Each structure stands twice: as C-alpha cells, then as structure tokens.
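Working notes for the structure below.
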Amino acid sequence: MKEINTLPDDPQLLKQIISQLQARNNYLEEQFRLAQQKRFGASSESHPAQADLFNEAETLVEKELEQDVATIEYQRKKPTRQPLPKDLPRERVVHDIDNKQCDCCGGELHKMGEDVSEKLKFIPAQVKVIEHVRPKYSCRQCEKTQTQVRIVQAPVPASPIPKGIATASLLSQIITSKYQYGLPLYRQESLFKQYGIALGRRTMADWMIRCASLFKPLYDRLHDVLLQQPVLHGDETTVKVVKEDKQTSYMWLYCSGTDSPAPESHIRNIALFDYQNSRAGRCPVDFLQGYDGYLQVDGYAGYEQTQATLVGCWAHARRKFKEAADAQAKGKTGKADWALNQIQKLYRVETACKTASTEAHQAARAQQSAQLLTQFKTWLDKSAQTVVPKSKLGEAVHYTLRQWPKLIRYLDDGHLKIDNNRAERAIKPFVIGRKNWLFSFTTSGAESSAILYSVIETARANGLTPFDYMMHCLN
C-alpha cells in the first residue's frame, strides 16, 4: 500500500482507506499470531476425538444454531504395569535364607509360599559366521583309468544374495533398521564396526536394491488385491532424489483396511508405496488402473482425474479451522471455535459407533451426523458472506465449502471413515525416516524403498513382526 502523506477531504475515500488499513493490520496480526504458535506452540495436533482437550462451552456466534453441549467427565486412570509375555524364555533365580530354624523356639521353618517378581534382561545382538562346508567326492578307480574325473558335491544352498555373505536374518535386520526404525545405512555401518565387521553402506545399499527385486512379485500381488478392495485411502509426500535434482519427486501411498488386524472385516489391510518423479494426476491414474471404488484423500486436485469416487477428509477441514483459532487474539473465541466444536460432535458419533456393525454405523450417521452437517452447511453459507476471504477463517470456510460434496460422502457407506487418518498414519514412518536418511541417491533406490516400505507397513498392519516376516520370505 502506498504511503499516505495527506488525508483526503472526501469522507467516503477516507473510510475506504481506513477500512483497507484495518484489514491489512488484522491480516498482519493474524500472521504474527500464527508464527508465534508455530514457533512456541505445541508441535503435535490433538486428535478431534479427544474430548477432554476441547472447551465444551460453545461460543455464542450464531444464536439460531446454538446447541446444548453435554459435560464430559474425564478421570485419569492409574498407570498399571503390563505383564511380560508368557512366551519369553525365563531364568529362575531363587533367593533363599540360610538359617531355617525359628529364632523363638528353634523349630524347623516350613515353606508357606513365595513371592515372585519379574525383571526384564536385555541380551545384546550376537553376530556369528555360518560356514557352509561342501565336501568333494571323486572315484579312485576313475582317477586311475580316466583323464577327466567327475567330482561330486552338494549344490550351493540357495541364498537371497548369491555369492554374497548376507543371510536372510542379516538382510532383514538391515531392512527393518532403516525402513521401520529410520536408522540410516551409515549409522548401521558404524554399528557393525563395533563388532569388527567392515560392512560398507554402498554394499548394504546394493543389498537393499536386490532384496527389493525379490519382493517385487509379492508387491505386485498385493497391488492386485488392493485394487479389489471397496475403499482405498491415498496420500503423497515429497522425497529428495539426488539424480532427479531438477524436479521434485514424490512418494505416493495407497492403503486399505485399518492399522491393525480386524478378523471380522473382509477388507484387507494393505499399504503400498509408489515412487514417482511427479505429482501429476497421471500418477494415481496409472497406479489405480481404472479403480472405480471409494478413494479417500485430501483436497489435492490430481485425484480428480481418477475414476474413483472421492471421499473428503474432515481432519484436513478441521486443521484449517484450528489454524484460524490459533490466529485469534489470545483469550478470545469466535467462529473458528464454533466450527471446531461442531466437528467435535461429528467425531463423537464416530467414537460411539466404533465397535458397531457397518449397518448400525451408517444408521447412526443418518440419525445424528446428517443433522449436524446440515447445521454446519447453513453456518458455512452464512459465514462465507461475512468473513475476509484471505484470512485464515476465510480460507477454512471456503476450503470446506469447496470440499463439501466429498466431506459428506462418508454418510453413504458404513465402511467409509470420517477422515483420511489411515493413510496419514501409514505414511508417517516414511516421513520420520526421511528426516534421518534425508534422500535417495538414484531412482532405483527410491523405487526399492517404496517396495520395502510397502512390505513392512503391510506386515505391521496385519499384526506381524516385520523382521520375522521378511526373514521368512527371504528364506
């Protein structure tokens, strides 16, 4: 805005200038409060289902939409120690007394019981060399009569890395250390040095690529099964590839089912990563191969090119209003708080029906959530006419209105979720690992990472121990 040296005589022009300055000032104050929140506020986002973290007193923003809110009492449970697994090997150490005579009368003491307390002992990893010995045999008679003697020997045992020193257990350890626990190969290289083993990161990187090629048929089979599921979740995040430094690469995620085994559900728990050097809409189109079921994603327009029926994510919509609430002056409440409270009610319906059947879940949504959504839509339409579009609240309102047909689609099917947190939780291990190993050097390395991440996350989602599962497959 241009600097004003003199005030105009026209009252209307003066009011217009003052209005512009006030709008500018409000915008800058909002950005300042958001910067403070990001710098000094809590780094994690509270899940909307945690009712104890919300203020139950609704703001009187729209009196015609005012709702009574029930008070929820929260009582902290005392922490209890979980019992150690029964299948762990146990070593019994008895601490007995030496003198078993009574101090009073000198009689012999008898055992009336015992107290048992368990302590957990950690045994560091052991590394050992397996020598594969193959004796050679020949015929002494043939040695005397023939110039060429046939040598008989047992075949070389099958190995994931032929002519290499790596066993299935070693490969599984390296893979899970990097892709499950985010331990870069250069750190694993230093760990092996502690045992006097010179195992370079380049060698391990080559092993990862070769193991990924072994898992590719399993990945393709999981891909086929994934596309048969009625509901999919999708998300994407950036990944740095050194050989692709002129363009931004992405790791796409497509998953189904839940984060943990659900024996009664017919939907498979699968999580597949797909590396692409682009964020174009052709990426999900190519991966989904004409999939026409439900696809729950965020508001990215690239998914519009697929043939799937898109479902919106209320967690993303809530995040917009949370930013608007953080941008408010400290101690004040406003429209953003009302929106957060209304979204909280939608999540309460989901929490109450968490263990119900899909039919009962859908019926509860029709009876309770539909009315809440109607109220929310009325509030959004009215607020869109009064809020400043470039403000955080304006962005939240207009984003929610644009996504509204997708946001209410979860009412159509009891298998659908209210948000896309299934995908966000599945992609989180990759995001955390990326902070440690920072980048992939080549495209083949990024593609191999996608396959290995897929196997690990799918194993975890089905209640398997990734190390044991990968070792079983490699063997």
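A note on labels: chains of the structure tokens are A, B, ... as shown, every chain counts residues from 1, and ligands are counted from 1 in their shown order.
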Inset, instruction - Could you give me, as a list in words, the residues within 12 Å of Leu218 in chain A, counting only C-alpha atoms and dropping anything in the same chain fewer than 2 positions from it? - result: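 Everything that qualifies: Cys211, Ala212, Ser213, Leu214, Phe215, Lys216, Asp220, Arg221, Leu222, His223, Asp224, Val225, Ile270, Leu272, Ile451, Leu452, Ser454, Val455, Ile456, Thr458, Ala459, Met470, Cys473 and Leu474 of chain A.
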Legend entry - Surrounding residues of Val388 in chain A excluding itself and chain neighbours under 5 positions, 12 Å, only C-alpha atoms, as an NGL selection string: :A and (20 or 22-24 or 26-27 or 324 or 383 or 393-398)
Keeping only all heavy atoms, write those residues as a short mmCIF file (atom, residue, chain, number, x, y, z; two decimals), in the first residue's frame.
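Output contents, as saved in selection_21.cif:
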```cif
data_model
loop_
_atom_site.label_atom_id
_atom_site.label_comp_id
_atom_site.auth_asym_id
_atom_site.auth_seq_id
_atom_site.Cartn_x
_atom_site.Cartn_y
_atom_site.Cartn_z
N GLN A 20 -9.17 -0.35 4.53
CA GLN A 20 -8.06 -1.11 3.97
C GLN A 20 -6.93 -1.26 4.99
O GLN A 20 -6.32 -2.34 5.11
CB GLN A 20 -7.54 -0.41 2.71
CG GLN A 20 -8.51 -0.45 1.54
CD GLN A 20 -7.99 0.33 0.34
OE1 GLN A 20 -6.94 0.99 0.42
NE2 GLN A 20 -8.71 0.27 -0.77
N GLN A 22 -7.22 -1.22 8.26
CA GLN A 22 -7.66 -2.13 9.30
C GLN A 22 -7.56 -3.58 8.84
O GLN A 22 -7.12 -4.46 9.60
CB GLN A 22 -9.10 -1.80 9.72
CG GLN A 22 -9.22 -0.52 10.54
CD GLN A 22 -10.66 -0.21 10.89
OE1 GLN A 22 -11.60 -0.68 10.23
NE2 GLN A 22 -10.84 0.63 11.92
N ALA A 23 -7.98 -3.82 7.58
CA ALA A 23 -7.89 -5.18 7.04
C ALA A 23 -6.44 -5.63 6.97
O ALA A 23 -6.11 -6.78 7.31
CB ALA A 23 -8.54 -5.25 5.67
N ARG A 24 -5.57 -4.73 6.54
CA ARG A 24 -4.15 -5.05 6.46
C ARG A 24 -3.57 -5.32 7.84
O ARG A 24 -2.78 -6.26 8.03
CB ARG A 24 -3.41 -3.89 5.78
CG ARG A 24 -1.90 -4.06 5.68
CD ARG A 24 -1.53 -5.20 4.79
NE ARG A 24 -0.09 -5.29 4.60
CZ ARG A 24 0.51 -6.31 3.99
NH1 ARG A 24 -0.20 -7.31 3.50
NH2 ARG A 24 1.81 -6.33 3.86
N ASN A 26 -5.22 -6.33 10.52
CA ASN A 26 -5.75 -7.60 11.02
C ASN A 26 -5.02 -8.79 10.40
O ASN A 26 -4.74 -9.78 11.08
CB ASN A 26 -7.24 -7.70 10.72
CG ASN A 26 -8.06 -6.69 11.52
OD1 ASN A 26 -7.62 -6.23 12.58
ND2 ASN A 26 -9.24 -6.36 11.04
N TYR A 27 -4.73 -8.70 9.10
CA TYR A 27 -4.02 -9.78 8.43
C TYR A 27 -2.62 -9.97 9.01
O TYR A 27 -2.19 -11.10 9.27
CB TYR A 27 -3.94 -9.47 6.93
CG TYR A 27 -3.09 -10.45 6.15
CD1 TYR A 27 -3.58 -11.70 5.80
CD2 TYR A 27 -1.78 -10.13 5.77
CE1 TYR A 27 -2.81 -12.60 5.09
CE2 TYR A 27 -1.00 -11.01 5.07
CZ TYR A 27 -1.52 -12.25 4.73
OH TYR A 27 -0.74 -13.15 4.03
N ALA A 324 -7.15 -21.17 12.09
CA ALA A 324 -7.89 -19.93 12.27
C ALA A 324 -8.08 -19.62 13.75
O ALA A 324 -7.99 -18.46 14.18
CB ALA A 324 -9.25 -20.03 11.58
N SER A 383 -21.47 -17.67 6.85
CA SER A 383 -20.16 -17.11 7.19
C SER A 383 -19.37 -16.69 5.96
O SER A 383 -18.58 -15.73 6.01
CB SER A 383 -19.35 -18.13 8.00
OG SER A 383 -20.00 -18.46 9.21
N LEU A 393 -9.64 -17.75 8.72
CA LEU A 393 -11.01 -18.22 8.83
C LEU A 393 -11.68 -18.27 7.46
O LEU A 393 -12.40 -19.23 7.15
CB LEU A 393 -11.82 -17.32 9.78
CG LEU A 393 -13.28 -17.71 10.00
CD1 LEU A 393 -13.38 -19.13 10.56
CD2 LEU A 393 -13.97 -16.71 10.91
N GLY A 394 -11.41 -17.27 6.63
CA GLY A 394 -11.96 -17.27 5.29
C GLY A 394 -11.46 -18.44 4.47
O GLY A 394 -12.22 -19.08 3.73
N GLU A 395 -10.16 -18.74 4.59
CA GLU A 395 -9.61 -19.89 3.89
C GLU A 395 -10.25 -21.19 4.36
O GLU A 395 -10.55 -22.07 3.54
CB GLU A 395 -8.09 -19.95 4.11
CG GLU A 395 -7.32 -18.81 3.46
CD GLU A 395 -5.84 -18.88 3.78
OE1 GLU A 395 -5.44 -19.82 4.52
OE2 GLU A 395 -5.07 -18.02 3.31
N ALA A 396 -10.47 -21.31 5.66
CA ALA A 396 -11.09 -22.53 6.21
C ALA A 396 -12.52 -22.68 5.71
O ALA A 396 -12.94 -23.79 5.31
CB ALA A 396 -11.05 -22.49 7.73
N VAL A 397 -13.28 -21.60 5.73
CA VAL A 397 -14.69 -21.66 5.30
C VAL A 397 -14.79 -22.02 3.83
O VAL A 397 -15.55 -22.91 3.43
CB VAL A 397 -15.38 -20.31 5.59
CG1 VAL A 397 -16.75 -20.26 4.91
CG2 VAL A 397 -15.52 -20.10 7.08
N HIS A 398 -14.01 -21.36 2.99
CA HIS A 398 -14.11 -21.59 1.54
C HIS A 398 -13.53 -22.96 1.17
O HIS A 398 -14.05 -23.61 0.24
CB HIS A 398 -13.39 -20.47 0.78
CG HIS A 398 -14.10 -19.16 0.86
ND1 HIS A 398 -15.30 -18.91 0.20
CD2 HIS A 398 -13.81 -18.01 1.53
CE1 HIS A 398 -15.69 -17.67 0.44
NE2 HIS A 398 -14.81 -17.10 1.26
#
```
Inset, instruction - Write out as an NGL selection string all residues of range 100-189 of chain A that DSSP puts in strand (DSSP E) for this structure's backbone. - result: :A and (136-137 or 152-153)
Show which residues sit within 8 Å of Gly290 in chain A, as a short mmCIF file (atom, residue, chain, number, x, y, z; two decimals) with N, CA and C atoms, in the first residue's frame. Count only C-alpha atoms, and ignore same-chain residues fewer than 2 positions away.
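Final output, out_30.cif:
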```
data_model
loop_
_atom_site.label_atom_id
_atom_site.label_comp_id
_atom_site.auth_asym_id
_atom_site.auth_seq_id
_atom_site.Cartn_x
_atom_site.Cartn_y
_atom_site.Cartn_z
N VAL A 285 -3.65 -42.15 -11.55
CA VAL A 285 -4.38 -42.80 -12.63
C VAL A 285 -3.67 -44.08 -13.06
N LEU A 288 -3.83 -46.78 -10.06
CA LEU A 288 -5.16 -47.32 -9.75
C LEU A 288 -5.77 -48.11 -10.90
N ASP A 292 -12.67 -48.02 -9.57
CA ASP A 292 -13.88 -47.20 -9.50
C ASP A 292 -14.58 -47.29 -8.15
N THR A 306 -8.84 -39.55 -11.59
CA THR A 306 -9.10 -40.98 -11.46
C THR A 306 -10.59 -41.27 -11.66
N GLN A 307 -10.91 -42.54 -11.82
CA GLN A 307 -12.30 -42.96 -11.97
C GLN A 307 -12.95 -43.29 -10.62
N ALA A 308 -12.22 -43.13 -9.54
CA ALA A 308 -12.73 -43.46 -8.22
C ALA A 308 -13.72 -42.41 -7.73
#
```
Legend entry - Non-local contacts of Lys240 in chain A (7 Å; only C-alpha atoms; under 2 positions in same chain excluded) as a list in words: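 Within the cut-off, the hits are Thr238, Val242, Ser249, Phe439 and Ser440 of chain A.
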For the residues in the current selection, export N, CA, C and O atoms as a PDB file, in the first residue's frame.
```
ATOM      1  N   THR A 238       6.737 -35.494  -0.424  1.00  0.00           N
ATOM      2  CA  THR A 238       7.936 -35.299  -1.240  1.00  0.00           C
ATOM      3  C   THR A 238       9.063 -36.223  -0.797  1.00  0.00           C
ATOM      4  O   THR A 238       9.116 -36.666   0.352  1.00  0.00           O
ATOM      5  N   VAL A 242      18.699 -37.507  -5.497  1.00  0.00           N
ATOM      6  CA  VAL A 242      19.835 -36.707  -5.956  1.00  0.00           C
ATOM      7  C   VAL A 242      19.906 -36.663  -7.475  1.00  0.00           C
ATOM      8  O   VAL A 242      20.148 -35.604  -8.076  1.00  0.00           O
ATOM      9  N   SER A 249      10.387 -34.929  -6.559  1.00  0.00           N
ATOM     10  CA  SER A 249       9.846 -36.288  -6.628  1.00  0.00           C
ATOM     11  C   SER A 249       8.885 -36.511  -5.471  1.00  0.00           C
ATOM     12  O   SER A 249       8.938 -35.819  -4.446  1.00  0.00           O
ATOM     13  N   PHE A 439      17.644 -38.468   1.866  1.00  0.00           N
ATOM     14  CA  PHE A 439      17.425 -38.549   0.421  1.00  0.00           C
ATOM     15  C   PHE A 439      17.751 -39.955  -0.073  1.00  0.00           C
ATOM     16  O   PHE A 439      18.372 -40.755   0.610  1.00  0.00           O
ATOM     17  N   SER A 440      17.305 -40.223  -1.312  1.00  0.00           N
ATOM     18  CA  SER A 440      17.740 -41.394  -2.069  1.00  0.00           C
ATOM     19  C   SER A 440      18.668 -40.904  -3.160  1.00  0.00           C
ATOM     20  O   SER A 440      18.459 -39.833  -3.738  1.00  0.00           O
TER      21      SER A 440
END
```
